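Peer 1: Here it is, the structure in full.
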Amino acid sequence: MTTSQISMPHVRTTPRYRHPGGSTAFGTNLAYRLGKLKDLGLLTGVWLDCGCADGGYTEALVAWGAQKAIGVDPEQSRIDAAQVRQRAAIESGEGSAQRLEYHCCTDRFPLPGCSVDAALMNEVLEHVADEGATLREIRRVLRPGGRLVVISPNRWFPFEGHGMRFMGRDFGFPIPLLPWLPYSLATRVMSARNYWPHELRDTVAAAGFEIEKVDYVLPVFDLYKWMPSSAIAAYRRLMPAIERTPLRRFGVSTLVLARRPG
C-alpha cells in the first residue's frame, strides 16, 4: 500500500490535558510487544527509541538483537534515569549497555539524516505536541527502506488507559467507554490521543511512509489485574488463538509497521 492510496487524516483536536505519559516497559507487556517485532524479523541494526522514558525498551531492543539502540525523550529527568541505569549496567560488566545512547531533545533529534535502521514509537505518538512533525523527523533519520513501528491506543478498546481529568479531579485508572464517545467530547477530559486503526495508519502515511502492516496489541493485564491470577494465566495462554480471530481488533493498541521509501 502506498501513500497515494491513503486518505489524509482528519485534523483532530489535541486533548485538553495532554501529558508526556509513562513507561510501559514492564514484565509480560515488554516481552509480548518485542516478541511481535522479533516475529516480524525486525530486531537487527541500529534502532531509535522515540520517547524512551527511562530506557526500558531501549535496553530491551539491544538485549533482543539490535546492534545498537538510541533513546530520545523530551524529559531530562527520564534521560538522567536511563543513563544512571546504563552506568550501573556497565559497571556490573553488562557489555550490551555500551551499545546504548541517550539524548534529551524535543523538536529535532541530535542525529544525522539516514543514520538509523528502524524506529519505535511505543505508546508515544498520542502524547506528542505535533504528530506530523515528529513522524517527519523520524523519517529524516531513517535510512531509505528503514522501518517504523508505531504502537498507540486503539479506540475499539472500550477503556481509556490514560485516565482523564474531570471537574478539576484527576482519574488515573482506565475509564470505561471514554474512547467510544465522540472525539470532540472526549478530548475535553482526555490526557492523550486515541485513534481508530485507520486514523493511526493514515497519520503515519501522511508523513511520507509506506504502510506495510496494521496489527493489534492485546492487553496482558500486567498493570491492571482485573481478573484473578489463574484467569489471567489462562487468558495469556489463549492469546495466540485470540490473535487469529476478529476479537484481536478490540486490542488495547494498534500497531502500524511502515517503511521509509527507498
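The chains in the C-alpha cells are called A, B, ... from first to last as shown; in each chain the residues are counted from 1, and the ligands are counted from 1 in the order shown.
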DSSP on the backbone: what in range 22-246 of chain A comes out strand (DSSP E or B), as number ranges by chain?
Peer 2: A: 46-50, 68-73, 100-104, 116-122, 142-154, 159-160, 164-166, 169-171, 175-176, 190, 195, 210-217
Peer 1: Identify, with DSSP run on backbone atoms, the residues in range 24-258 of chain A assigned to alpha helix (DSSP H), and express the list as a PyMOL selection string.
Peer 2: chain A and resi 27-39+56-63+76-91+131-141+183-186+197-206+229-242
Peer 1: Which residues are close to Arg249 in chain A, i.e. within 12 Å by only C-alpha atoms, leaving aside same-chain residues fewer than 6 positions away? Reply as a PyMOL selection string.
Peer 2: chain A and resi 153-158+196-198+214-219+242-243+255
Peer 1: Which is closest to Asp202 in chain A among A:Leu135, A:Leu238, A:Ile175, A:Leu181, if we use only C-alpha atoms?
Peer 2: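 Counting only C-alpha atoms, the residue closest to Asp202 in chain A is A:Leu135.
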Peer 1: With a distance cut-off of 6 Å and only C-alpha atoms, select the neighbouring residues of range 51-60 of chain A, excluding the residue or stretch itself and same-chain residues fewer than 6 positions from it, and output the selection as a count of residues only.
Peer 2: 10
Peer 1: Which residues are near Arg143 in chain A? Cut-off 12 Å, only C-alpha atoms, ignore same chain within fewer than 5 positions. Put them as a list in words.
Peer 2: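 Result of the neighbour search: Gly45, Val46, Trp47, Leu48, Leu111, Pro112, Gly113, Cys114, Ser115, Val116, Asp117, Ala118, Ala119, Ile138, Leu148, Arg259, Arg260, Pro261 and Gly262 of chain A.
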Peer 1: Go ahead and write the residues just picked, N, CA, C and O atoms, as a compact mmCIF listing (two decimals), in the first residue's frame.
Peer 2:
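Writing the result to again_17.txt gives the following:
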# COMPACT_ATOMS: atom_id res chain seq x y z
N GLY A 45 20.21 -4.32 13.49
CA GLY A 45 20.66 -2.99 13.11
C GLY A 45 20.57 -1.97 14.23
O GLY A 45 20.50 -2.31 15.41
N VAL A 46 20.54 -0.70 13.84
CA VAL A 46 20.51 0.42 14.78
C VAL A 46 19.07 0.91 14.91
O VAL A 46 18.44 1.27 13.91
N TRP A 47 18.60 0.96 16.16
CA TRP A 47 17.22 1.37 16.44
C TRP A 47 17.18 2.72 17.15
O TRP A 47 18.03 3.02 18.00
N LEU A 48 16.15 3.51 16.81
CA LEU A 48 15.82 4.71 17.55
C LEU A 48 14.59 4.42 18.40
O LEU A 48 13.56 3.97 17.89
N LEU A 111 20.77 13.65 15.63
CA LEU A 111 21.26 12.55 14.81
C LEU A 111 21.31 13.00 13.35
O LEU A 111 20.44 13.76 12.90
N PRO A 112 22.30 12.54 12.61
CA PRO A 112 22.33 12.88 11.18
C PRO A 112 21.23 12.17 10.41
O PRO A 112 20.68 11.16 10.87
N GLY A 113 20.91 12.67 9.25
CA GLY A 113 19.91 12.04 8.40
C GLY A 113 20.36 10.66 7.96
O GLY A 113 21.55 10.37 7.83
N CYS A 114 19.40 9.78 7.75
CA CYS A 114 19.65 8.42 7.24
C CYS A 114 20.66 7.66 8.10
O CYS A 114 21.55 6.99 7.58
N SER A 115 20.53 7.75 9.42
CA SER A 115 21.53 7.17 10.32
C SER A 115 21.03 5.98 11.13
O SER A 115 21.83 5.34 11.82
N VAL A 116 19.74 5.66 11.09
CA VAL A 116 19.23 4.52 11.86
C VAL A 116 18.44 3.59 10.93
O VAL A 116 17.91 4.01 9.90
N ASP A 117 18.39 2.32 11.33
CA ASP A 117 17.73 1.31 10.51
C ASP A 117 16.24 1.16 10.82
O ASP A 117 15.47 0.73 9.96
N ALA A 118 15.86 1.48 12.05
CA ALA A 118 14.47 1.30 12.46
C ALA A 118 14.16 2.22 13.63
O ALA A 118 15.07 2.68 14.32
N ALA A 119 12.89 2.49 13.83
CA ALA A 119 12.46 3.37 14.92
C ALA A 119 11.21 2.81 15.57
O ALA A 119 10.34 2.23 14.90
N ILE A 138 11.41 11.56 12.42
CA ILE A 138 11.82 10.15 12.40
C ILE A 138 12.16 9.72 10.96
O ILE A 138 13.17 9.04 10.73
N LEU A 148 9.55 1.79 10.55
CA LEU A 148 8.97 2.50 11.70
C LEU A 148 7.86 1.63 12.28
O LEU A 148 7.00 1.15 11.55
N ARG A 259 7.50 1.78 6.35
CA ARG A 259 8.88 1.92 5.91
C ARG A 259 9.08 3.27 5.23
O ARG A 259 8.15 3.82 4.63
N ARG A 260 10.30 3.78 5.35
CA ARG A 260 10.66 4.97 4.59
C ARG A 260 10.94 4.52 3.16
O ARG A 260 11.75 3.62 2.94
N PRO A 261 10.29 5.13 2.17
CA PRO A 261 10.53 4.71 0.79
C PRO A 261 12.00 4.83 0.41
O PRO A 261 12.71 5.72 0.87
N GLY A 262 12.46 3.92 -0.44
CA GLY A 262 13.85 3.93 -0.88
C GLY A 262 14.11 5.07 -1.84
O GLY A 262 13.20 5.65 -2.42
Peer 1: Give me, as JSON lines, each residue of range 50-163 of chain A that comes within 12 Å of range 182-187 of chain A, together with its shortest interatomic pair and the distance in Å at one decimal, counting only C-alpha atoms, with rows ordered by chain and rising residue number.
Peer 2:
{"residue": "A:Glu126", "atom": "CA", "partner": "A:Thr187", "partner_atom": "CA", "distance": 11.9}
{"residue": "A:Arg155", "atom": "CA", "partner": "A:Tyr183", "partner_atom": "CA", "distance": 10.0}
{"residue": "A:Glu160", "atom": "CA", "partner": "A:Ala186", "partner_atom": "CA", "distance": 10.0}
{"residue": "A:Gly163", "atom": "CA", "partner": "A:Ala186", "partner_atom": "CA", "distance": 11.2}
Peer 1: Could you turn the residues from that selection into a file that holds N, CA and C atoms, as a PDB file, in the first residue's frame?
Peer 2:
ATOM      1  N   GLU A 126       0.616   9.445  20.737  1.00  0.00           N
ATOM      2  CA  GLU A 126      -0.586  10.072  21.307  1.00  0.00           C
ATOM      3  C   GLU A 126      -0.265  11.202  22.273  1.00  0.00           C
ATOM      4  N   ARG A 155      -9.074   2.837  19.637  1.00  0.00           N
ATOM      5  CA  ARG A 155     -10.378   3.282  20.128  1.00  0.00           C
ATOM      6  C   ARG A 155     -11.416   2.172  20.174  1.00  0.00           C
ATOM      7  N   GLU A 160     -10.182   3.831  28.311  1.00  0.00           N
ATOM      8  CA  GLU A 160      -9.116   4.802  28.080  1.00  0.00           C
ATOM      9  C   GLU A 160      -8.076   4.645  29.181  1.00  0.00           C
ATOM     10  N   GLY A 163      -6.594   7.473  31.671  1.00  0.00           N
ATOM     11  CA  GLY A 163      -7.444   8.180  32.633  1.00  0.00           C
ATOM     12  C   GLY A 163      -8.010   9.457  32.044  1.00  0.00           C
TER      13      GLY A 163
END
Peer 1: Give me the residues within 12 Å of His162 in chain A as a VMD selection string, counting only C-alpha atoms and dropping any in the same chain fewer than 3 places off.
Peer 2: chain A and resid 15 17 to 24 123 to 124 126 to 127 152 to 153 159 165 170 to 176 178 to 179 189 to 194 252
Peer 1: A:Asp130, A:Ala66, A:Lys38, A:Val141: which is nearest Thr106 in chain A, counting only C-alpha atoms?
Peer 2: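 The closest residue to Thr106 in chain A is A:Asp130.
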Peer 1: What is the CA of Cys104 in chain A-CA of Gly145 in chain A distance in Å, reported with one decimal?
Peer 2: 26.2 Å
Peer 1: Quick one: residues within 9 Å of Leu257 in chain A, only C-alpha atoms counted, chain neighbours fewer than 5 positions away excluded, as a compact mmCIF listing (two decimals) with N, CA and C atoms, in the first residue's frame?
Peer 2:
# COMPACT_ATOMS: atom_id res chain seq x y z
N ARG A 147 12.52 0.87 8.78
CA ARG A 147 11.17 0.59 9.28
C ARG A 147 10.82 1.47 10.47
N LEU A 148 9.55 1.79 10.55
CA LEU A 148 8.97 2.50 11.70
C LEU A 148 7.86 1.63 12.28
N VAL A 149 7.89 1.45 13.61
CA VAL A 149 6.83 0.74 14.31
C VAL A 149 6.17 1.73 15.26
N VAL A 150 4.88 1.96 15.06
CA VAL A 150 4.10 2.84 15.93
C VAL A 150 3.04 2.01 16.63
N ILE A 151 3.03 2.09 17.95
CA ILE A 151 2.00 1.42 18.76
C ILE A 151 1.31 2.50 19.57
N ARG A 201 -3.10 4.64 10.96
CA ARG A 201 -2.48 4.29 9.68
C ARG A 201 -2.34 5.52 8.79
N GLU A 210 5.40 4.40 3.75
CA GLU A 210 4.62 3.36 3.11
C GLU A 210 4.16 2.36 4.17
N ILE A 211 2.88 2.11 4.22
CA ILE A 211 2.32 1.21 5.24
C ILE A 211 2.52 -0.24 4.79
N GLU A 212 3.10 -1.05 5.68
CA GLU A 212 3.31 -2.47 5.39
C GLU A 212 2.35 -3.38 6.14
N LYS A 213 1.94 -2.97 7.33
CA LYS A 213 1.11 -3.87 8.13
C LYS A 213 0.38 -3.07 9.20
N VAL A 214 -0.86 -3.44 9.46
CA VAL A 214 -1.62 -2.92 10.59
C VAL A 214 -2.01 -4.13 11.44
N ASP A 215 -1.63 -4.10 12.71
CA ASP A 215 -1.87 -5.22 13.61
C ASP A 215 -2.45 -4.68 14.92
Peer 1: Using only C-alpha atoms, find the one residue out of A:Cys50, A:Ile79, A:Leu37, A:Ala89 that sits nearest to Gly65 in chain A.
Peer 2: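 Between A:Cys50, A:Ile79, A:Leu37, A:Ala89, the residue approaching Gly65 in chain A most closely is A:Leu37.
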Peer 1: Figure out the distance between CA of Thr28 in chain A and CA of Met227 in chain A, please, to one decimal in Å.
Peer 2: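 If I compute the distance from CA of Met227 in chain A to CA of Thr28 in chain A, I get 15.6 Å.
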